[in-house]
Amino acid sequence: MKKIVTIGEILVEIMAVDRGEGFTQPMSLVGPFPSGAPAIFIDQAARFGQPCGMVGCVGADHFGRVNLDRLKRDGVDISGIAVDSEYATGSAFVRYRHDGSRDFVFNIKHSASGRMSLTDNARALIDGSDHLHVMGTSLFSPRIVEVVLKAVGMIKAKGGTVSFDPNVRSEMLALPGLREALETILGQCDLFLPSGPELFLFAPGNSEVEAIGQILKKEIKAVVVKNGSQGANYHDLGSTIRQPAFNVHEVDPTGAGDCFGATFVSCWLRGMTPGDALRYAAASGARAVERQGPMEGVSTLAELDTFIADTSAPLIFRSHQ
Ligand code: ATP
Ligand code: MG
């Protein structure tokens, strides 16, 4: 089976128990939960049974331990994760507002994650992998952009494939060089997994059909657009497949896109049909939102099979060739 590697931030997430605005008053919090978009992604890939590993950096502290223990327990190769003796593990404090949107306080750039580099162990892990997944959230500083682009170059040079989830928060777009980095990775990826509005970051002023058409003119073999509770759409040059969302009670949406992506990429690498890959991915995203905590709703293949058998969501196929 093909091995997936990802690279990027590893954090703990600490959540406000009650909904409301921000963090200006003392309040009850719950956590630390293991987190960081690429870490959630790779943990889901491991639970799905895909050989996989991660390049990153944590501090020599309990927040680092929470992550290393979880990733290792679930089967992720953690040999490419360095432990920095000077900097603390990254963190994200999150509070849901009443309208469902989120307030964050991040400590990533100046945490151990910001010290990530291509160590000998990291290079060996990439050399032993077939596929690299990149998250836009991981491109948080010019130095890290350089590290990620080197990893992309390494995997492409050995004939591997790349998937890319821009996963970009609007406040990040102002970061120097970020847009250029996103464009560069888009130009080199095989599989592109944006959330709805992110599609237009790269093809502004177009309809969805036009934007997809423009993106499919590049190296990209397929585009999968994630639309939360509205489901997801798969596009390649020959077909479009619409996958409605499974009907679940949403407790915490964080991590849905990462779990969806990891399951889709794992299925794609196993040579499943796009329709089957999409169905498994949507089931994985749906199960993720049923649990509080970013990595708490990851699923095995057997759990997804049971979930799909018990929950209905029709598959609609339309070819536009
Ligand atoms: P994030 O970056 O916030 O983790 P995302 O925008 O990358 O999320 P979403 O579109 O929110 O990703 O979720 C990915 C997929 O998970 C959706 O396309 C859908 O299939 C499934 N999903 C998400 N939310 C729900 C929900 N409330 N009910 C059922 N399925 C859901
Ligand atoms: Mg996302």
# chains A, B, ... in the order shown; residues from 1 in each chain; ligands from 1

$ select_by_dssp --residues "segment 55-197 of chain A" --states "strand (DSSP E or B)" --output "compact mmCIF listing (two decimals) with N, CA and C atoms, in the first residue's frame"
# COMPACT_ATOMS: atom_id res chain seq x y z
N VAL A 55 6.02 14.87 9.28
CA VAL A 55 7.17 15.71 9.58
C VAL A 55 6.66 16.93 10.35
N GLY A 56 7.26 17.20 11.51
CA GLY A 56 6.83 18.35 12.31
C GLY A 56 7.75 18.51 13.49
N CYS A 57 7.32 19.35 14.44
CA CYS A 57 8.16 19.59 15.62
C CYS A 57 7.26 19.92 16.81
N VAL A 58 7.51 19.29 17.94
CA VAL A 58 6.80 19.61 19.18
C VAL A 58 7.83 20.01 20.23
N GLY A 59 7.35 20.60 21.32
CA GLY A 59 8.24 20.93 22.43
C GLY A 59 8.43 19.71 23.32
N ASP A 77 3.73 6.95 11.66
CA ASP A 77 5.19 6.92 11.80
C ASP A 77 5.62 8.31 12.27
N ILE A 81 9.09 13.55 13.39
CA ILE A 81 8.67 14.65 14.29
C ILE A 81 9.80 14.90 15.30
N ALA A 82 10.38 16.10 15.23
CA ALA A 82 11.47 16.45 16.14
C ALA A 82 10.90 16.96 17.46
N VAL A 83 11.68 16.83 18.54
CA VAL A 83 11.30 17.40 19.84
C VAL A 83 12.30 18.50 20.16
N ASP A 84 11.77 19.74 20.27
CA ASP A 84 12.63 20.90 20.48
C ASP A 84 12.74 21.18 21.99
N GLY A 90 2.98 24.11 20.08
CA GLY A 90 1.98 25.09 19.67
C GLY A 90 0.62 24.86 20.32
N SER A 91 -0.20 25.91 20.33
CA SER A 91 -1.54 25.77 20.92
C SER A 91 -2.55 26.65 20.17
N ALA A 92 -3.79 26.24 20.28
CA ALA A 92 -4.90 27.04 19.75
C ALA A 92 -6.02 27.02 20.78
N PHE A 93 -6.44 28.19 21.21
CA PHE A 93 -7.61 28.30 22.08
C PHE A 93 -8.77 28.66 21.16
N VAL A 94 -9.87 27.97 21.31
CA VAL A 94 -11.00 28.23 20.41
C VAL A 94 -12.30 28.35 21.20
N ARG A 95 -13.11 29.32 20.77
CA ARG A 95 -14.44 29.47 21.37
C ARG A 95 -15.46 29.62 20.25
N TYR A 96 -16.50 28.82 20.31
CA TYR A 96 -17.58 28.96 19.33
C TYR A 96 -18.47 30.13 19.72
N ARG A 102 -16.08 30.94 14.84
CA ARG A 102 -15.13 30.66 15.92
C ARG A 102 -14.19 31.83 16.20
N ASP A 103 -13.84 32.03 17.47
CA ASP A 103 -12.75 32.93 17.86
C ASP A 103 -11.55 32.05 18.19
N PHE A 104 -10.36 32.46 17.69
CA PHE A 104 -9.14 31.69 17.98
C PHE A 104 -8.08 32.56 18.65
N VAL A 105 -7.28 31.98 19.52
CA VAL A 105 -6.00 32.55 19.93
C VAL A 105 -4.96 31.48 19.61
N PHE A 106 -4.11 31.81 18.63
CA PHE A 106 -3.11 30.83 18.16
C PHE A 106 -1.72 31.13 18.72
N ASN A 107 -0.97 30.11 19.04
CA ASN A 107 0.47 30.24 19.25
C ASN A 107 1.12 29.16 18.40
N HIS A 131 3.41 9.63 -1.31
CA HIS A 131 2.45 10.72 -1.51
C HIS A 131 2.65 11.75 -0.39
N LEU A 132 2.58 13.02 -0.76
CA LEU A 132 2.68 14.11 0.24
C LEU A 132 1.38 14.89 0.26
N HIS A 133 0.85 15.13 1.47
CA HIS A 133 -0.32 15.99 1.60
C HIS A 133 0.10 17.31 2.24
N VAL A 134 -0.32 18.43 1.63
CA VAL A 134 0.01 19.75 2.14
C VAL A 134 -1.26 20.49 2.55
N MET A 135 -1.20 21.13 3.72
CA MET A 135 -2.28 21.98 4.21
C MET A 135 -1.84 23.44 4.11
N THR A 161 3.11 11.52 -5.67
CA THR A 161 1.99 12.42 -5.94
C THR A 161 1.78 13.36 -4.74
N VAL A 162 1.04 14.46 -5.02
CA VAL A 162 0.81 15.49 -4.00
C VAL A 162 -0.67 15.83 -3.96
N SER A 163 -1.20 15.94 -2.74
CA SER A 163 -2.55 16.50 -2.58
C SER A 163 -2.44 17.78 -1.79
N PHE A 164 -3.40 18.67 -1.99
CA PHE A 164 -3.31 20.01 -1.41
C PHE A 164 -4.68 20.49 -0.97
N ASP A 165 -4.78 20.82 0.32
CA ASP A 165 -6.00 21.41 0.88
C ASP A 165 -5.62 22.83 1.31
N LEU A 191 -4.00 16.33 -6.73
CA LEU A 191 -5.35 16.28 -6.17
C LEU A 191 -5.55 17.55 -5.35
N PHE A 192 -6.63 18.29 -5.66
CA PHE A 192 -6.86 19.57 -4.99
C PHE A 192 -8.17 19.49 -4.20
N SER A 195 -12.21 23.96 0.26
CA SER A 195 -13.57 24.18 0.77
C SER A 195 -14.22 25.16 -0.20

$ select_by_dssp --residues "segment 58-277 of chain A" --states "helix (DSSP H, G or I)" --output "PyMOL selection string"
chain A and resi 62-73+112-115+120-127+136-138+142-157+170-172+178-188+196-201+208-215+228-230+256-269+274-277

$ residues_near_ligand --ligand "ligand 1" --cutoff "7 Å" --atoms "only C-alpha atoms and all ligand atoms" --output "PyMOL selection string"
chain A and resi 167+194-195+226-232+244-250+253-258+260+281-286+289

$ write_last_selection --atoms "C-alpha atoms" --output "short mmCIF file (atom, residue, chain, number, x, y, z; two decimals), in the first residue's frame"
data_model
loop_
_atom_site.label_atom_id
_atom_site.label_comp_id
_atom_site.auth_asym_id
_atom_site.auth_seq_id
_atom_site.Cartn_x
_atom_site.Cartn_y
_atom_site.Cartn_z
CA ASN A 167 -7.51 25.31 4.26
CA PRO A 194 -10.61 23.15 -1.38
CA SER A 195 -13.57 24.18 0.77
CA LYS A 226 -15.99 20.37 0.37
CA ASN A 227 -19.20 22.15 1.32
CA GLY A 228 -19.75 21.24 4.98
CA SER A 229 -23.29 20.05 5.68
CA GLN A 230 -24.06 20.58 1.98
CA GLY A 231 -21.81 17.65 1.06
CA ALA A 232 -18.97 17.51 -1.47
CA PRO A 244 -24.73 14.75 -0.31
CA ALA A 245 -23.75 14.95 3.36
CA PHE A 246 -24.76 12.14 5.68
CA ASN A 247 -27.41 13.17 8.13
CA VAL A 248 -25.76 13.55 11.56
CA HIS A 249 -26.00 15.77 14.63
CA GLU A 250 -23.08 18.23 14.45
CA PRO A 253 -17.13 20.87 13.01
CA THR A 254 -13.36 21.21 13.61
CA GLY A 255 -11.45 18.45 11.82
CA ALA A 256 -14.21 17.43 9.38
CA GLY A 257 -12.30 18.66 6.34
CA ASP A 258 -9.07 17.04 7.50
CA PHE A 260 -12.62 13.90 4.82
CA ALA A 281 -14.67 10.58 2.69
CA ALA A 282 -18.11 12.09 3.33
CA ALA A 283 -18.79 9.41 5.97
CA SER A 284 -15.46 10.23 7.60
CA GLY A 285 -16.26 13.99 7.67
CA ALA A 286 -19.74 13.31 9.07
CA VAL A 289 -18.43 16.36 13.48
#

$ residues_around --residues "Arg19 of chain A" --least-positions-apart "3" --cutoff "10 Å" --atoms "only C-alpha atoms" --output "PyMOL selection string"
chain A and resi 15-16+22+95-102

$ closest_residue --among "A:Gly153, A:Gly128, A:Gly293, A:Gly36" --to "ligand 2" --atoms "only C-alpha atoms and all ligand atoms"
A:Gly36

$ residues_around --residues "Asp43 of chain A" --least-positions-apart "3" --cutoff "8 Å" --atoms "only C-alpha atoms" --output "VMD selection string"
chain A and resid 39 to 40 46 to 47 71 74 to 76 295 298

$ write_last_selection --atoms "N, CA and C atoms" --output "JSON list (two decimals), in the first residue's frame"
[["chain", "number", "residue", "atom", "x", "y", "z"],
["A", 39, "ALA", "N", -1.85, 17.16, 11.39],
["A", 39, "ALA", "CA", -1.82, 16.07, 12.38],
["A", 39, "ALA", "C", -3.17, 15.34, 12.40],
["A", 40, "ILE", "N", -4.26, 16.09, 12.32],
["A", 40, "ILE", "CA", -5.60, 15.46, 12.27],
["A", 40, "ILE", "C", -5.69, 14.59, 11.01],
["A", 46, "ALA", "N", -4.04, 7.09, 9.29],
["A", 46, "ALA", "CA", -3.54, 5.92, 10.02],
["A", 46, "ALA", "C", -4.69, 5.04, 10.50],
["A", 47, "ARG", "N", -5.73, 5.66, 11.05],
["A", 47, "ARG", "CA", -6.88, 4.89, 11.54],
["A", 47, "ARG", "C", -7.58, 4.15, 10.40],
["A", 71, "LEU", "N", -0.66, 10.06, 18.01],
["A", 71, "LEU", "CA", -0.30, 9.72, 16.63],
["A", 71, "LEU", "C", 0.33, 8.33, 16.60],
["A", 74, "ASP", "N", -2.21, 5.52, 17.11],
["A", 74, "ASP", "CA", -3.09, 5.28, 15.96],
["A", 74, "ASP", "C", -2.33, 4.75, 14.74],
["A", 75, "GLY", "N", -1.00, 4.64, 14.85],
["A", 75, "GLY", "CA", -0.24, 4.00, 13.77],
["A", 75, "GLY", "C", 0.53, 4.93, 12.86],
["A", 76, "VAL", "N", 0.65, 6.22, 13.25],
["A", 76, "VAL", "CA", 1.43, 7.16, 12.43],
["A", 76, "VAL", "C", 2.93, 6.95, 12.71],
["A", 295, "MET", "N", -9.51, 15.61, 16.81],
["A", 295, "MET", "CA", -9.03, 14.30, 16.38],
["A", 295, "MET", "C", -9.82, 13.18, 17.04],
["A", 298, "VAL", "N", -12.02, 10.42, 14.53],
["A", 298, "VAL", "CA", -11.40, 9.69, 13.41],
["A", 298, "VAL", "C", -11.99, 8.27, 13.33]]

$ closest_residue --among "A:Val66, A:Val145, A:Val251, A:Leu269" --to "Asp190 of chain A" --atoms "only C-alpha atoms"
A:Leu269

$ closest_residue --among "A:Ala124, A:Leu278, A:Ala203, A:Val225" --to "ligand 2" --atoms "only C-alpha atoms and all ligand atoms"
A:Val225

$ residues_around --residues "Ser79 of chain A" --least-positions-apart "6" --cutoff "9 Å" --atoms "only C-alpha atoms" --output "count of residues only"
7

$ closest_residue --among "A:Thr137, A:Val5, A:Ala37, A:Leu178" --to "Ile78 of chain A" --atoms "only C-alpha atoms"
A:Val5

$ atom_distance --atom1 "atom CA of Pro38 of chain A" --atom2 "atom CA of Glu9 of chain A"
6.6 Å

$ closest_residue --among "A:Ser138, A:Gly205, A:Ile144, A:Pro294" --to "Pro32 of chain A" --atoms "only C-alpha atoms"
A:Pro294

$ closest_residue --among "A:Thr119, A:Ser266, A:Asn233, A:Ser113" --to "Ala45 of chain A" --atoms "only C-alpha atoms"
A:Ser266

$ atom_distance --atom1 "atom CA of Tyr234 of chain A" --atom2 "atom CA of Gly275 of chain A"
8.2 Å
